[in-house]
Structure formats: structure tokens, C-alpha cells
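**Student:** This is coords-v1.cif, which holds mmCIF, C-alpha atoms, pLDDT in the B column; chains and numbers go by the auth columns:
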```cif
data_run
#
loop_
_atom_site.group_PDB
_atom_site.id
_atom_site.type_symbol
_atom_site.label_atom_id
_atom_site.label_comp_id
_atom_site.label_asym_id
_atom_site.label_seq_id
_atom_site.Cartn_x
_atom_site.Cartn_y
_atom_site.Cartn_z
_atom_site.B_iso_or_equiv
_atom_site.auth_seq_id
_atom_site.auth_asym_id
ATOM 1 C CA MET A 1 3.889 44.175 -4.793 45.00 1484 A
ATOM 2 C CA THR A 2 4.279 43.022 -8.417 57.00 1485 A
ATOM 3 C CA GLU A 3 8.039 43.543 -8.249 62.00 1486 A
ATOM 4 C CA LEU A 4 8.226 41.535 -5.024 59.00 1487 A
ATOM 5 C CA LEU A 5 6.221 38.671 -6.543 55.00 1488 A
ATOM 6 C CA ASN A 6 8.457 38.644 -9.619 65.00 1489 A
ATOM 7 C CA ARG A 7 11.564 38.517 -7.420 70.00 1490 A
ATOM 8 C CA PHE A 8 10.097 35.611 -5.416 68.00 1491 A
ATOM 9 C CA ARG A 9 9.136 33.815 -8.649 73.00 1492 A
ATOM 10 C CA LYS A 10 12.598 34.339 -10.137 76.00 1493 A
ATOM 11 C CA ASP A 11 14.377 33.095 -6.989 79.00 1494 A
ATOM 12 C CA ASN A 12 12.157 30.013 -6.903 82.00 1495 A
ATOM 13 C CA ILE A 13 12.733 29.265 -10.600 80.00 1496 A
ATOM 14 C CA SER A 14 16.506 29.736 -10.168 78.00 1497 A
ATOM 15 C CA ARG A 15 16.620 27.369 -7.204 82.00 1498 A
ATOM 16 C CA LEU A 16 14.765 24.705 -9.167 82.00 1499 A
ATOM 17 C CA ALA A 17 16.939 25.248 -12.271 78.00 1500 A
ATOM 18 C CA GLU A 18 20.030 24.620 -10.156 80.00 1501 A
ATOM 19 C CA LEU A 19 18.569 21.156 -9.538 82.00 1502 A
ATOM 20 C CA GLY A 20 17.704 20.758 -13.223 79.00 1503 A
ATOM 21 C CA GLU A 21 13.979 21.157 -12.483 83.00 1504 A
ATOM 22 C CA ARG A 22 11.191 23.626 -13.328 87.00 1505 A
ATOM 23 C CA LEU A 23 7.899 24.753 -11.816 84.00 1506 A
ATOM 24 C CA ASP A 24 5.882 22.664 -14.300 88.00 1507 A
ATOM 25 C CA THR A 25 8.023 19.540 -13.576 89.00 1508 A
ATOM 26 C CA ARG A 26 9.976 19.746 -16.839 91.00 1509 A
ATOM 27 C CA LYS A 27 13.750 19.521 -17.048 91.00 1510 A
ATOM 28 C CA VAL A 28 15.574 22.670 -18.164 88.00 1511 A
ATOM 29 C CA ASN A 29 16.006 21.260 -21.711 91.00 1512 A
ATOM 30 C CA ASP A 30 12.470 19.874 -22.060 94.00 1513 A
ATOM 31 C CA PHE A 31 9.890 21.326 -24.443 96.00 1514 A
ATOM 32 C CA ARG A 32 6.181 21.211 -23.782 96.00 1515 A
ATOM 33 C CA GLU A 33 3.852 19.016 -25.823 97.00 1516 A
ATOM 34 C CA LEU A 34 3.298 20.396 -29.322 97.00 1517 A
ATOM 35 C CA LYS A 35 0.057 19.828 -31.242 97.00 1518 A
ATOM 36 C CA VAL A 36 -0.556 21.099 -34.777 97.00 1519 A
ATOM 37 C CA ARG A 37 -3.876 21.212 -36.630 97.00 1520 A
ATOM 38 C CA THR A 38 -4.189 22.527 -40.182 97.00 1521 A
ATOM 39 C CA ASN A 39 -7.031 23.663 -42.455 95.00 1522 A
ATOM 40 C CA ILE A 40 -9.089 24.983 -39.564 95.00 1523 A
ATOM 41 C CA ASN A 41 -10.621 27.883 -41.517 94.00 1524 A
ATOM 42 C CA SER A 42 -12.351 27.442 -44.869 91.00 1525 A
ATOM 43 C CA GLN A 43 -12.157 31.170 -45.692 93.00 1526 A
ATOM 44 C CA ALA A 44 -8.350 31.328 -45.637 95.00 1527 A
ATOM 45 C CA GLU A 45 -5.968 30.044 -48.304 96.00 1528 A
ATOM 46 C CA GLY A 46 -4.140 28.279 -45.467 97.00 1529 A
ATOM 47 C CA SER A 47 -4.650 28.026 -41.720 98.00 1530 A
ATOM 48 C CA ALA A 48 -3.310 26.265 -38.647 98.00 1531 A
ATOM 49 C CA GLU A 49 -3.805 25.980 -34.913 98.00 1532 A
ATOM 50 C CA VAL A 50 -0.928 25.213 -32.558 98.00 1533 A
ATOM 51 C CA PHE A 51 -0.950 24.184 -28.929 98.00 1534 A
ATOM 52 C CA LEU A 52 2.390 24.511 -27.141 98.00 1535 A
ATOM 53 C CA GLY A 53 1.567 23.320 -23.668 96.00 1536 A
ATOM 54 C CA LYS A 54 -1.288 25.624 -22.641 97.00 1537 A
ATOM 55 C CA THR A 55 -0.336 28.313 -25.153 97.00 1538 A
ATOM 56 C CA ARG A 56 -2.745 28.285 -28.083 98.00 1539 A
ATOM 57 C CA VAL A 57 -2.485 30.298 -31.300 98.00 1540 A
ATOM 58 C CA ILE A 58 -4.086 30.271 -34.734 98.00 1541 A
ATOM 59 C CA VAL A 59 -2.709 31.587 -38.012 98.00 1542 A
ATOM 60 C CA GLY A 60 -4.493 32.391 -41.245 98.00 1543 A
ATOM 61 C CA VAL A 61 -2.882 32.935 -44.643 98.00 1544 A
ATOM 62 C CA LYS A 62 -4.562 35.097 -47.265 97.00 1545 A
ATOM 63 C CA LEU A 63 -3.350 35.979 -50.762 97.00 1546 A
ATOM 64 C CA GLN A 64 -4.067 39.248 -52.522 95.00 1547 A
ATOM 65 C CA LEU A 65 -2.937 40.642 -55.851 94.00 1548 A
ATOM 66 C CA GLY A 66 -0.879 43.801 -55.638 91.00 1549 A
ATOM 67 C CA VAL A 67 1.929 45.821 -57.179 93.00 1550 A
ATOM 68 C CA PRO A 68 5.550 44.736 -56.556 93.00 1551 A
ATOM 69 C CA TYR A 69 8.138 46.925 -54.880 93.00 1552 A
ATOM 70 C CA PRO A 70 10.255 48.939 -57.346 92.00 1553 A
ATOM 71 C CA ASP A 71 13.488 47.240 -56.243 93.00 1554 A
ATOM 72 C CA SER A 72 12.029 43.727 -56.674 94.00 1555 A
ATOM 73 C CA PRO A 73 9.701 43.959 -59.690 95.00 1556 A
ATOM 74 C CA ASN A 74 9.502 40.192 -60.202 95.00 1557 A
ATOM 75 C CA GLU A 75 8.902 39.129 -56.590 96.00 1558 A
ATOM 76 C CA GLY A 76 5.822 38.783 -54.440 96.00 1559 A
ATOM 77 C CA THR A 77 5.672 40.211 -50.933 96.00 1560 A
ATOM 78 C CA ILE A 78 4.982 39.049 -47.366 97.00 1561 A
ATOM 79 C CA SER A 79 3.096 40.787 -44.566 97.00 1562 A
ATOM 80 C CA VAL A 80 2.958 39.402 -40.996 98.00 1563 A
ATOM 81 C CA THR A 81 0.720 40.726 -38.203 97.00 1564 A
ATOM 82 C CA ALA A 82 -0.033 39.562 -34.661 96.00 1565 A
ATOM 83 C CA GLU A 83 -3.069 40.125 -32.447 94.00 1566 A
ATOM 84 C CA MET A 84 -2.762 39.737 -28.663 93.00 1567 A
ATOM 85 C CA SER A 85 -6.192 40.383 -27.160 88.00 1568 A
ATOM 86 C CA PRO A 86 -7.394 40.225 -23.538 89.00 1569 A
ATOM 87 C CA ILE A 87 -9.198 36.930 -24.215 90.00 1570 A
ATOM 88 C CA ALA A 88 -5.754 35.290 -24.155 89.00 1571 A
ATOM 89 C CA SER A 89 -4.439 36.945 -20.994 88.00 1572 A
ATOM 90 C CA PRO A 90 -5.478 39.724 -18.606 86.00 1573 A
ATOM 91 C CA ASP A 91 -2.036 41.223 -19.212 84.00 1574 A
ATOM 92 C CA PHE A 92 -3.001 42.016 -22.822 85.00 1575 A
ATOM 93 C CA GLU A 93 -4.941 45.170 -23.674 81.00 1576 A
ATOM 94 C CA MET A 94 -7.460 46.158 -26.304 79.00 1577 A
ATOM 95 C CA GLY A 95 -6.502 48.627 -29.004 74.00 1578 A
ATOM 96 C CA PRO A 96 -3.849 48.903 -31.708 75.00 1579 A
ATOM 97 C CA PRO A 97 -0.877 46.483 -31.622 76.00 1580 A
ATOM 98 C CA ARG A 98 1.530 47.253 -28.797 84.00 1581 A
ATOM 99 C CA GLU A 99 5.253 46.580 -28.594 89.00 1582 A
ATOM 100 C CA PRO A 100 5.018 42.847 -27.683 90.00 1583 A
ATOM 101 C CA ALA A 101 2.678 42.156 -30.630 94.00 1584 A
ATOM 102 C CA ILE A 102 4.868 44.151 -33.002 95.00 1585 A
ATOM 103 C CA GLU A 103 7.981 42.298 -31.845 95.00 1586 A
ATOM 104 C CA LEU A 104 6.198 38.945 -32.174 96.00 1587 A
ATOM 105 C CA ALA A 105 5.215 39.696 -35.774 97.00 1588 A
ATOM 106 C CA ARG A 106 8.689 40.951 -36.671 96.00 1589 A
ATOM 107 C CA VAL A 107 10.523 37.941 -35.239 96.00 1590 A
ATOM 108 C CA VAL A 108 8.250 35.477 -37.042 97.00 1591 A
ATOM 109 C CA ASP A 109 8.515 37.561 -40.231 97.00 1592 A
ATOM 110 C CA ARG A 110 12.309 37.623 -40.037 96.00 1593 A
ATOM 111 C CA GLY A 111 12.599 33.860 -39.687 96.00 1594 A
ATOM 112 C CA ILE A 112 10.389 33.295 -42.738 96.00 1595 A
ATOM 113 C CA ARG A 113 11.908 36.080 -44.818 95.00 1596 A
ATOM 114 C CA GLU A 114 15.601 35.495 -44.124 94.00 1597 A
ATOM 115 C CA SER A 115 15.321 31.743 -44.692 94.00 1598 A
ATOM 116 C CA LYS A 116 13.654 32.431 -48.050 94.00 1599 A
ATOM 117 C CA THR A 117 10.886 30.041 -47.012 96.00 1600 A
ATOM 118 C CA ILE A 118 8.691 31.215 -49.897 97.00 1601 A
ATOM 119 C CA ASP A 119 10.035 31.417 -53.441 97.00 1602 A
ATOM 120 C CA LEU A 120 8.912 34.999 -53.994 96.00 1603 A
ATOM 121 C CA GLU A 121 9.721 34.966 -57.713 96.00 1604 A
ATOM 122 C CA LYS A 122 7.042 32.313 -58.197 96.00 1605 A
ATOM 123 C CA LEU A 123 4.517 34.755 -56.728 95.00 1606 A
ATOM 124 C CA CYS A 124 5.064 37.072 -59.679 94.00 1607 A
ATOM 125 C CA VAL A 125 2.080 37.161 -62.037 92.00 1608 A
ATOM 126 C CA LYS A 126 3.413 39.844 -64.386 91.00 1609 A
ATOM 127 C CA GLU A 127 6.754 41.568 -63.841 91.00 1610 A
ATOM 128 C CA LYS A 128 6.486 45.177 -62.661 91.00 1611 A
ATOM 129 C CA ALA A 129 2.697 44.903 -62.713 90.00 1612 A
ATOM 130 C CA LYS A 130 1.102 42.158 -60.601 92.00 1613 A
ATOM 131 C CA VAL A 131 2.350 39.915 -57.805 95.00 1614 A
ATOM 132 C CA TRP A 132 0.787 37.986 -54.971 95.00 1615 A
ATOM 133 C CA THR A 133 1.091 39.362 -51.444 97.00 1616 A
ATOM 134 C CA VAL A 134 1.019 36.692 -48.736 98.00 1617 A
ATOM 135 C CA PHE A 135 -0.690 37.952 -45.571 98.00 1618 A
ATOM 136 C CA ILE A 136 0.147 35.926 -42.457 98.00 1619 A
ATOM 137 C CA ASP A 137 -2.195 36.913 -39.616 98.00 1620 A
ATOM 138 C CA MET A 138 -1.579 35.476 -36.138 98.00 1621 A
ATOM 139 C CA TRP A 139 -3.997 35.458 -33.186 97.00 1622 A
ATOM 140 C CA VAL A 140 -3.166 34.458 -29.625 97.00 1623 A
ATOM 141 C CA LEU A 141 -6.084 32.621 -28.019 96.00 1624 A
ATOM 142 C CA ASP A 142 -4.472 31.358 -24.783 97.00 1625 A
ATOM 143 C CA TYR A 143 -1.195 32.634 -23.374 96.00 1626 A
ATOM 144 C CA ASP A 144 1.150 30.515 -21.278 96.00 1627 A
ATOM 145 C CA GLY A 145 4.503 31.735 -22.554 93.00 1628 A
ATOM 146 C CA ASN A 146 6.693 31.384 -25.654 97.00 1629 A
ATOM 147 C CA LEU A 147 4.441 32.961 -28.254 97.00 1630 A
ATOM 148 C CA ILE A 148 7.305 33.295 -30.739 97.00 1631 A
ATOM 149 C CA ASP A 149 7.796 29.554 -31.151 98.00 1632 A
ATOM 150 C CA ALA A 150 4.068 28.801 -31.149 98.00 1633 A
ATOM 151 C CA CYS A 151 3.274 31.463 -33.761 98.00 1634 A
ATOM 152 C CA GLY A 152 6.343 30.666 -35.854 98.00 1635 A
ATOM 153 C CA ILE A 153 5.404 26.993 -36.093 98.00 1636 A
ATOM 154 C CA ALA A 154 1.736 27.804 -36.748 98.00 1637 A
ATOM 155 C CA ALA A 155 2.718 30.210 -39.533 98.00 1638 A
ATOM 156 C CA LEU A 156 4.785 27.504 -41.223 98.00 1639 A
ATOM 157 C CA ALA A 157 1.966 24.963 -40.906 98.00 1640 A
ATOM 158 C CA ALA A 158 -0.491 27.423 -42.456 98.00 1641 A
ATOM 159 C CA LEU A 159 1.910 28.274 -45.293 98.00 1642 A
ATOM 160 C CA LYS A 160 2.640 24.614 -45.952 96.00 1643 A
ATOM 161 C CA THR A 161 -1.038 23.868 -46.522 95.00 1644 A
ATOM 162 C CA ALA A 162 -1.945 27.127 -48.314 97.00 1645 A
ATOM 163 C CA LYS A 163 -3.264 27.068 -51.872 95.00 1646 A
ATOM 164 C CA MET A 164 -2.496 29.755 -54.464 94.00 1647 A
ATOM 165 C CA PRO A 165 -5.237 30.549 -57.010 91.00 1648 A
ATOM 166 C CA LEU A 166 -4.194 30.049 -60.630 91.00 1649 A
ATOM 167 C CA LEU A 167 -4.850 32.961 -62.971 89.00 1650 A
ATOM 168 C CA LYS A 168 -5.305 33.629 -66.657 86.00 1651 A
ATOM 169 C CA GLU A 169 -5.021 36.914 -68.489 83.00 1652 A
ATOM 170 C CA GLU A 170 -8.095 38.223 -70.295 82.00 1653 A
ATOM 171 C CA LYS A 171 -8.169 41.663 -71.880 78.00 1654 A
ATOM 172 C CA ASP A 172 -5.288 42.966 -69.757 76.00 1655 A
ATOM 173 C CA GLU A 173 -6.879 41.626 -66.591 82.00 1656 A
ATOM 174 C CA PHE A 174 -6.064 38.569 -64.504 85.00 1657 A
ATOM 175 C CA VAL A 175 -8.972 36.358 -63.508 85.00 1658 A
ATOM 176 C CA LYS A 176 -9.067 33.220 -61.384 85.00 1659 A
ATOM 177 C CA THR A 177 -9.424 29.910 -63.195 88.00 1660 A
ATOM 178 C CA GLY A 178 -10.930 28.111 -60.212 87.00 1661 A
ATOM 179 C CA GLU A 179 -7.849 25.923 -59.895 91.00 1662 A
ATOM 180 C CA PHE A 180 -5.155 26.102 -57.229 93.00 1663 A
ATOM 181 C CA ALA A 181 -1.506 25.217 -56.673 94.00 1664 A
ATOM 182 C CA PRO A 182 0.485 24.871 -53.453 95.00 1665 A
ATOM 183 C CA LEU A 183 2.448 27.884 -52.292 96.00 1666 A
ATOM 184 C CA PRO A 184 6.077 27.582 -53.441 96.00 1667 A
ATOM 185 C CA ILE A 185 7.572 26.619 -50.047 96.00 1668 A
ATOM 186 C CA ARG A 186 11.309 25.892 -50.089 94.00 1669 A
ATOM 187 C CA ASP A 187 12.124 25.288 -46.410 94.00 1670 A
ATOM 188 C CA LEU A 188 10.690 25.136 -42.908 96.00 1671 A
ATOM 189 C CA PRO A 189 12.703 27.370 -40.555 96.00 1672 A
ATOM 190 C CA ILE A 190 11.927 26.394 -36.963 97.00 1673 A
ATOM 191 C CA PRO A 191 12.273 28.989 -34.172 97.00 1674 A
ATOM 192 C CA CYS A 192 13.576 27.997 -30.750 98.00 1675 A
ATOM 193 C CA THR A 193 13.321 30.397 -27.815 98.00 1676 A
ATOM 194 C CA VAL A 194 15.591 30.110 -24.781 97.00 1677 A
ATOM 195 C CA ALA A 195 15.177 32.086 -21.552 95.00 1678 A
ATOM 196 C CA LYS A 196 18.046 33.024 -19.256 94.00 1679 A
ATOM 197 C CA ILE A 197 17.166 33.220 -15.582 89.00 1680 A
ATOM 198 C CA GLY A 198 20.140 33.902 -13.348 85.00 1681 A
ATOM 199 C CA LYS A 199 22.893 31.729 -14.792 87.00 1682 A
ATOM 200 C CA PHE A 200 20.558 29.085 -16.202 89.00 1683 A
ATOM 201 C CA LEU A 201 19.128 28.521 -19.694 94.00 1684 A
ATOM 202 C CA LEU A 202 15.585 27.151 -20.052 93.00 1685 A
ATOM 203 C CA VAL A 203 14.030 26.220 -23.386 96.00 1686 A
ATOM 204 C CA ASP A 204 10.398 26.941 -24.239 97.00 1687 A
ATOM 205 C CA PRO A 205 9.676 29.285 -21.290 95.00 1688 A
ATOM 206 C CA ASN A 206 6.150 29.246 -19.873 95.00 1689 A
ATOM 207 C CA ALA A 207 4.336 32.358 -18.630 92.00 1690 A
ATOM 208 C CA ASP A 208 5.973 32.342 -15.177 89.00 1691 A
ATOM 209 C CA GLU A 209 9.407 32.023 -16.768 91.00 1692 A
ATOM 210 C CA ASP A 210 8.542 34.741 -19.275 89.00 1693 A
ATOM 211 C CA MET A 211 7.861 37.066 -16.346 86.00 1694 A
ATOM 212 C CA ALA A 212 11.030 36.098 -14.460 84.00 1695 A
ATOM 213 C CA MET A 213 13.594 35.924 -17.287 89.00 1696 A
ATOM 214 C CA ASP A 214 16.625 38.201 -17.412 91.00 1697 A
ATOM 215 C CA ALA A 215 17.027 37.748 -21.171 94.00 1698 A
ATOM 216 C CA ARG A 216 15.523 35.855 -24.079 96.00 1699 A
ATOM 217 C CA ILE A 217 17.010 34.668 -27.337 97.00 1700 A
ATOM 218 C CA THR A 218 15.215 33.167 -30.325 98.00 1701 A
ATOM 219 C CA ILE A 219 17.304 31.351 -32.918 98.00 1702 A
ATOM 220 C CA THR A 220 15.663 30.127 -36.121 97.00 1703 A
ATOM 221 C CA THR A 221 17.361 27.366 -38.124 97.00 1704 A
ATOM 222 C CA ASN A 222 16.563 25.759 -41.459 95.00 1705 A
ATOM 223 C CA SER A 223 16.662 22.145 -42.652 93.00 1706 A
ATOM 224 C CA LYS A 224 20.299 22.505 -43.765 94.00 1707 A
ATOM 225 C CA GLY A 225 21.381 23.352 -40.239 94.00 1708 A
ATOM 226 C CA ASN A 226 21.956 27.028 -40.970 95.00 1709 A
ATOM 227 C CA ILE A 227 20.936 29.881 -38.675 96.00 1710 A
ATOM 228 C CA CYS A 228 18.408 32.113 -40.444 94.00 1711 A
ATOM 229 C CA SER A 229 17.794 34.704 -37.747 96.00 1712 A
ATOM 230 C CA ILE A 230 18.603 35.594 -34.150 96.00 1713 A
ATOM 231 C CA GLN A 231 16.543 37.897 -31.956 95.00 1714 A
ATOM 232 C CA LYS A 232 17.448 38.865 -28.400 95.00 1715 A
ATOM 233 C CA GLY A 233 14.834 40.198 -26.007 89.00 1716 A
ATOM 234 C CA GLU A 234 14.728 41.691 -22.508 88.00 1717 A
ATOM 235 C CA GLY A 235 17.582 43.586 -20.883 86.00 1718 A
ATOM 236 C CA GLY A 236 20.012 40.846 -19.862 90.00 1719 A
ATOM 237 C CA PHE A 237 22.869 39.315 -21.821 93.00 1720 A
ATOM 238 C CA PHE A 238 24.115 36.010 -23.215 96.00 1721 A
ATOM 239 C CA THR A 239 27.726 34.891 -23.253 96.00 1722 A
ATOM 240 C CA GLU A 240 29.261 33.419 -26.389 96.00 1723 A
ATOM 241 C CA ASP A 241 29.041 29.918 -24.896 96.00 1724 A
ATOM 242 C CA GLU A 242 25.378 30.456 -24.015 96.00 1725 A
ATOM 243 C CA ILE A 243 24.590 31.578 -27.566 97.00 1726 A
ATOM 244 C CA MET A 244 26.321 28.491 -28.955 96.00 1727 A
ATOM 245 C CA ALA A 245 24.326 26.298 -26.556 96.00 1728 A
ATOM 246 C CA ALA A 246 21.076 27.995 -27.615 96.00 1729 A
ATOM 247 C CA ALA A 247 22.003 27.481 -31.284 97.00 1730 A
ATOM 248 C CA GLN A 248 22.457 23.756 -30.707 96.00 1731 A
ATOM 249 C CA MET A 249 19.098 23.611 -28.938 96.00 1732 A
ATOM 250 C CA SER A 250 17.524 25.275 -31.972 96.00 1733 A
ATOM 251 C CA LEU A 251 19.098 22.769 -34.361 96.00 1734 A
ATOM 252 C CA ASP A 252 17.833 19.887 -32.249 96.00 1735 A
ATOM 253 C CA ARG A 253 14.387 21.461 -32.010 96.00 1736 A
ATOM 254 C CA GLY A 254 14.183 21.858 -35.765 96.00 1737 A
ATOM 255 C CA LYS A 255 14.835 18.154 -36.267 95.00 1738 A
ATOM 256 C CA GLN A 256 12.012 17.345 -33.832 95.00 1739 A
ATOM 257 C CA VAL A 257 9.386 19.718 -35.211 96.00 1740 A
ATOM 258 C CA ARG A 258 10.005 19.708 -38.965 95.00 1741 A
ATOM 259 C CA PRO A 259 8.577 16.171 -39.531 93.00 1742 A
ATOM 260 C CA LEU A 260 5.295 17.285 -37.901 90.00 1743 A
ATOM 261 C CA LEU A 261 4.815 19.880 -40.652 89.00 1744 A
#
```
Turn the structure described in the file into C-alpha cells.
**Tutor:**
Amino acid sequence: MTELLNRFRKDNISRLAELGERLDTRKVNDFRELKVRTNINSQAEGSAEVFLGKTRVIVGVKLQLGVPYPDSPNEGTISVTAEMSPIASPDFEMGPPREPAIELARVVDRGIRESKTIDLEKLCVKEKAKVWTVFIDMWVLDYDGNLIDACGIAALAALKTAKMPLLKEEKDEFVKTGEFAPLPIRDLPIPCTVAKIGKFLLVDPNADEDMAMDARITITTNSKGNICSIQKGEGGFFTEDEIMAAAQMSLDRGKQVRPLL
């Protein structure tokens, strides 16, 4: 029955796309309304809430002192996690992170890491000894498709407003001074996800389109117009022309979203 419903949904979406329309009345190149709220949690160093249509996510940023990796002794580190609980959708299950949550965290992580969004050298407190680790924790509260874009934008908003505690060294220990500085943010890489259904490309897929898509591609671009990361999902394929079209959509999306952050 589920397979039959998905086939019916896909055929309906394809017929509408051929007319340049979608189930939620958008055009194939239209994004849903984006709302961004920051500083929503007083316990986090940075936090944000994003609404992308009916999809709603929150992100918290925490900083913790740790030891650097041996191959980067003067750089801080980043850790990204995602939580997709049943309160957001009946399709999500309780328990440890499953494949969709792991993929979500990795795609957001890759966009931030490969664009060098954070100047990791400025997170170094003492070379080979102490660095800041930036924990980016993402929670999905309401699911209506395109979690990658929603979480990616929320993560950037939380990072942009995050404060880093200033330290001083006392007797071989580092203690907080009570003062703060902004995180050393160098760029805002904006993700843009495009779904392929039949022969049509649809930006910002909602939940129905998520279920019906043949393939998905997320392209993250920075403020200089460079591609930072590309992630393909699902089993279908994209032609070279379709990838180039998706890349242009991502560039355009970045110009729209970046001023909001």
C-alpha cells in the first residue's frame, strides 16, 4: 500500500511539475518562507531557530576545552550532531541516531568544515595542549521536508551569534575571565537542496516531495561564489546539465539567505 501511495504521489507531482506547479502551489524554483530567530537559549554559547515553511529546527552551540588532534596541534575542532525524534514526525523513531540523522549531521558538518567557516587556529588556547571544541547540536521539532537546508542555515545563525569565553592562564591552568568574544567566523556557506522527480528539478522539497524524489543533491556555496561541498542522496542520478543548474540555484539561494544572517 505504501509503495502504491508513493507511486501515485510521484505521478501527481511529476504532472504538476510539467506545468511548472507543485502540490503546495509553489513554482518549481520557489523556496518556502524562511524565518530565523537567534539567541533562543540562554544556556548555549549560541543558538538559533529556523522555520522553512512548516519545517522547524533549533540549533545550539556549546564550547568545551579539549586536546587538539596530533596532526593539527594549533587548531580547534568541530563536532556536529542531529536529533530526529518522533515529536517531529511519526516516521522518526526513538533510540540512537539512525542513518538519516547521521547523514544530516555529516552534510551540515561538511559545508561548515570545507568552507573553513570557523578560523580554527583562533580556537587554539595553547598549542599542543588546549583548544576549544565547538559542538553544534541540531534538533528537528517539526518535519515537512528539506532538513539539510533548515539545519544548515540554523547552524550558521547559531555560530554567527555565539560567544567564546576569554581565558587567562593561572598556575598552568586556564580560567575564564568572565568576558567573551565572538566566534571567529570567516564566511557563511549556504546549502541548497534540489530534488529530482522524473525529469524535473524542484528546489526546497517538502515532505511529500522528499518521499517521491528519485534523487537529491545538496550544493553548498560561499560568499565568493565557490562551491564548498556537494552531497548526493537517494538512488537516482543527475546529468551534468542538471548539476550545473542546481549549482546556479545554490548561488542564487546564497545571495538571498546570507543577508538574513
**Student:** Return as CSV the residues of segment 1543-1623 of chain A lying at most 12 Å from segment 1535-1538 of chain A, together with the closest atom-to-atom pair for each and the distance in Å to one decimal, counting all atoms listed in the file, with rows in chain order and ascending residue number.
**Tutor:**
```
residue,atom,partner,partner_atom,distance
A:Ala1571,CA,A:Thr1538,CA,8.9
A:Ser1572,CA,A:Thr1538,CA,10.4
A:Trp1622,CA,A:Thr1538,CA,11.4
A:Val1623,CA,A:Thr1538,CA,8.1
```
**Student:** Scan for residues within 12 Å of the point (14.2, 24.7, -9.6) in the coordinates of the file, using only C-alpha atoms, and reply as a PyMOL selection string.
**Tutor:** chain A and resi 1492-1511+1680-1681+1683-1685+1692
**Student:** I'd like the contact shell of Ala1678 of chain A - 8 Å cut-off, only C-alpha atoms, skipping same-chain residues fewer than 6 positions apart - returned as a list in words.
**Tutor:**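 Contacts, with the query itself left out: Leu1684, Leu1685, Val1686, Asp1687, Pro1688, Glu1692, Asp1693, Met1696, Asp1697, Ala1698, Arg1699 and Ile1700 of chain A.
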**Student:** Give me the residues near Leu1546 of chain A as a ChimeraX atom specification, where near means some atom within 7 Å (using only C-alpha atoms) and where sequence neighbours in that chain fewer than 5 positions away do not count.
**Tutor:** /A:1528,1615-1618
**Student:** How about saving the chosen residues, C-alpha atoms kept, as an mmCIF file, in the frame of the given file?
**Tutor:**
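Wrote it out as out25.cif, contents follow:
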```cif
data_model
loop_
_atom_site.group_PDB
_atom_site.id
_atom_site.type_symbol
_atom_site.label_atom_id
_atom_site.label_comp_id
_atom_site.auth_asym_id
_atom_site.auth_seq_id
_atom_site.Cartn_x
_atom_site.Cartn_y
_atom_site.Cartn_z
ATOM 1 C CA GLU A 1528 -5.968 30.044 -48.304
ATOM 2 C CA TRP A 1615 0.787 37.986 -54.971
ATOM 3 C CA THR A 1616 1.091 39.362 -51.444
ATOM 4 C CA VAL A 1617 1.019 36.692 -48.736
ATOM 5 C CA PHE A 1618 -0.690 37.952 -45.571
#
```
**Student:** Which residues are near segment 1603-1611 of chain A? Cut-off 9 Å, only C-alpha atoms, ignore same chain within fewer than 5 positions. Put them as a PyMOL selection string.
**Tutor:** chain A and resi 1548+1550-1553+1555-1561+1616-1617+1647+1650+1657+1666-1667
**Student:** Using the chain letters and numbers from the file, which residues does the PyMOL selection byres ((chain A and resi 1534) around 12) grab, as a PyMOL selection string?
**Tutor:** chain A and resi 1515-1521+1531-1533+1535-1542+1623-1630+1632-1637
**Student:** I want to know what sits within 8 Å of Glu1576 of chain A, based on all atoms listed in the file, with residues of the same chain fewer than 4 positions away left out; could you give that as a list in words?
**Tutor:**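 Those residues are Met1567, Ser1568 and Pro1569 of chain A.
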**Student:** Take the PyMOL selection byres ((chain A and resi 1703) around 7), run it mentally on this structure, and tell me the resulting residues as a PyMOL selection string.
**Tutor:** chain A and resi 1594+1672-1675+1701-1702+1704-1705+1710-1713+1733
**Student:** What do you get, as an mmCIF file with C-alpha atoms, in the frame of the given file, if you spell out every residue that the PyMOL selection byres ((chain A and resi 1669) around 6) selects here?
**Tutor:**
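Dumped everything to result05.cif:
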```cif
data_model
loop_
_atom_site.group_PDB
_atom_site.id
_atom_site.type_symbol
_atom_site.label_atom_id
_atom_site.label_comp_id
_atom_site.auth_asym_id
_atom_site.auth_seq_id
_atom_site.Cartn_x
_atom_site.Cartn_y
_atom_site.Cartn_z
ATOM 1 C CA THR A 1600 10.886 30.041 -47.012
ATOM 2 C CA ILE A 1601 8.691 31.215 -49.897
ATOM 3 C CA ILE A 1668 7.572 26.619 -50.047
ATOM 4 C CA ASP A 1670 12.124 25.288 -46.410
#
```
**Student:** Which distance in Å separates atom CA of Lys1659 of chain A and atom CA of Ser1562 of chain A, to one decimal?
**Tutor:**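 So the answer is 22.1 Å.
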**Student:** Which residues are near Val1563 of chain A? Cut-off 12 Å, all atoms listed in the file, ignore same chain within fewer than 3 positions. Put them as a PyMOL selection string.
**Tutor:** chain A and resi 1542-1545+1560+1566+1584-1596+1616-1622+1634-1635+1638+1642
**Student:** Closest to Gly1529 of chain A among A:Pro1648, A:Gly1718, A:Gly1708, A:Gly1737, using only C-alpha atoms?
**Tutor:**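 Once distances to Gly1529 of chain A are computed over only C-alpha atoms, the minimum belongs to A:Pro1648.
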**Student:** Looking at all atoms listed in the file, which of A:Ala1612, A:Leu1671, A:Leu1649, A:Val1658 is the one that sits closest to Glu1597 of chain A?
**Tutor:** A:Leu1671
**Student:** Atom CA of Thr1676 of chain A and atom CA of Lys1738 of chain A, how far apart in Å?
**Tutor:**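 Taking atom CA of Lys1738 of chain A as the start and atom CA of Thr1676 of chain A as the end point, the length is 15.0 Å.
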**Student:** Between atom CA of Pro1580 of chain A and atom CA of Ala1690 of chain A, what is the distance in Å, rounded to a tenth?
**Tutor:**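 Taking atom CA of Pro1580 of chain A as the start and atom CA of Ala1690 of chain A as the end point, the length is 19.9 Å.
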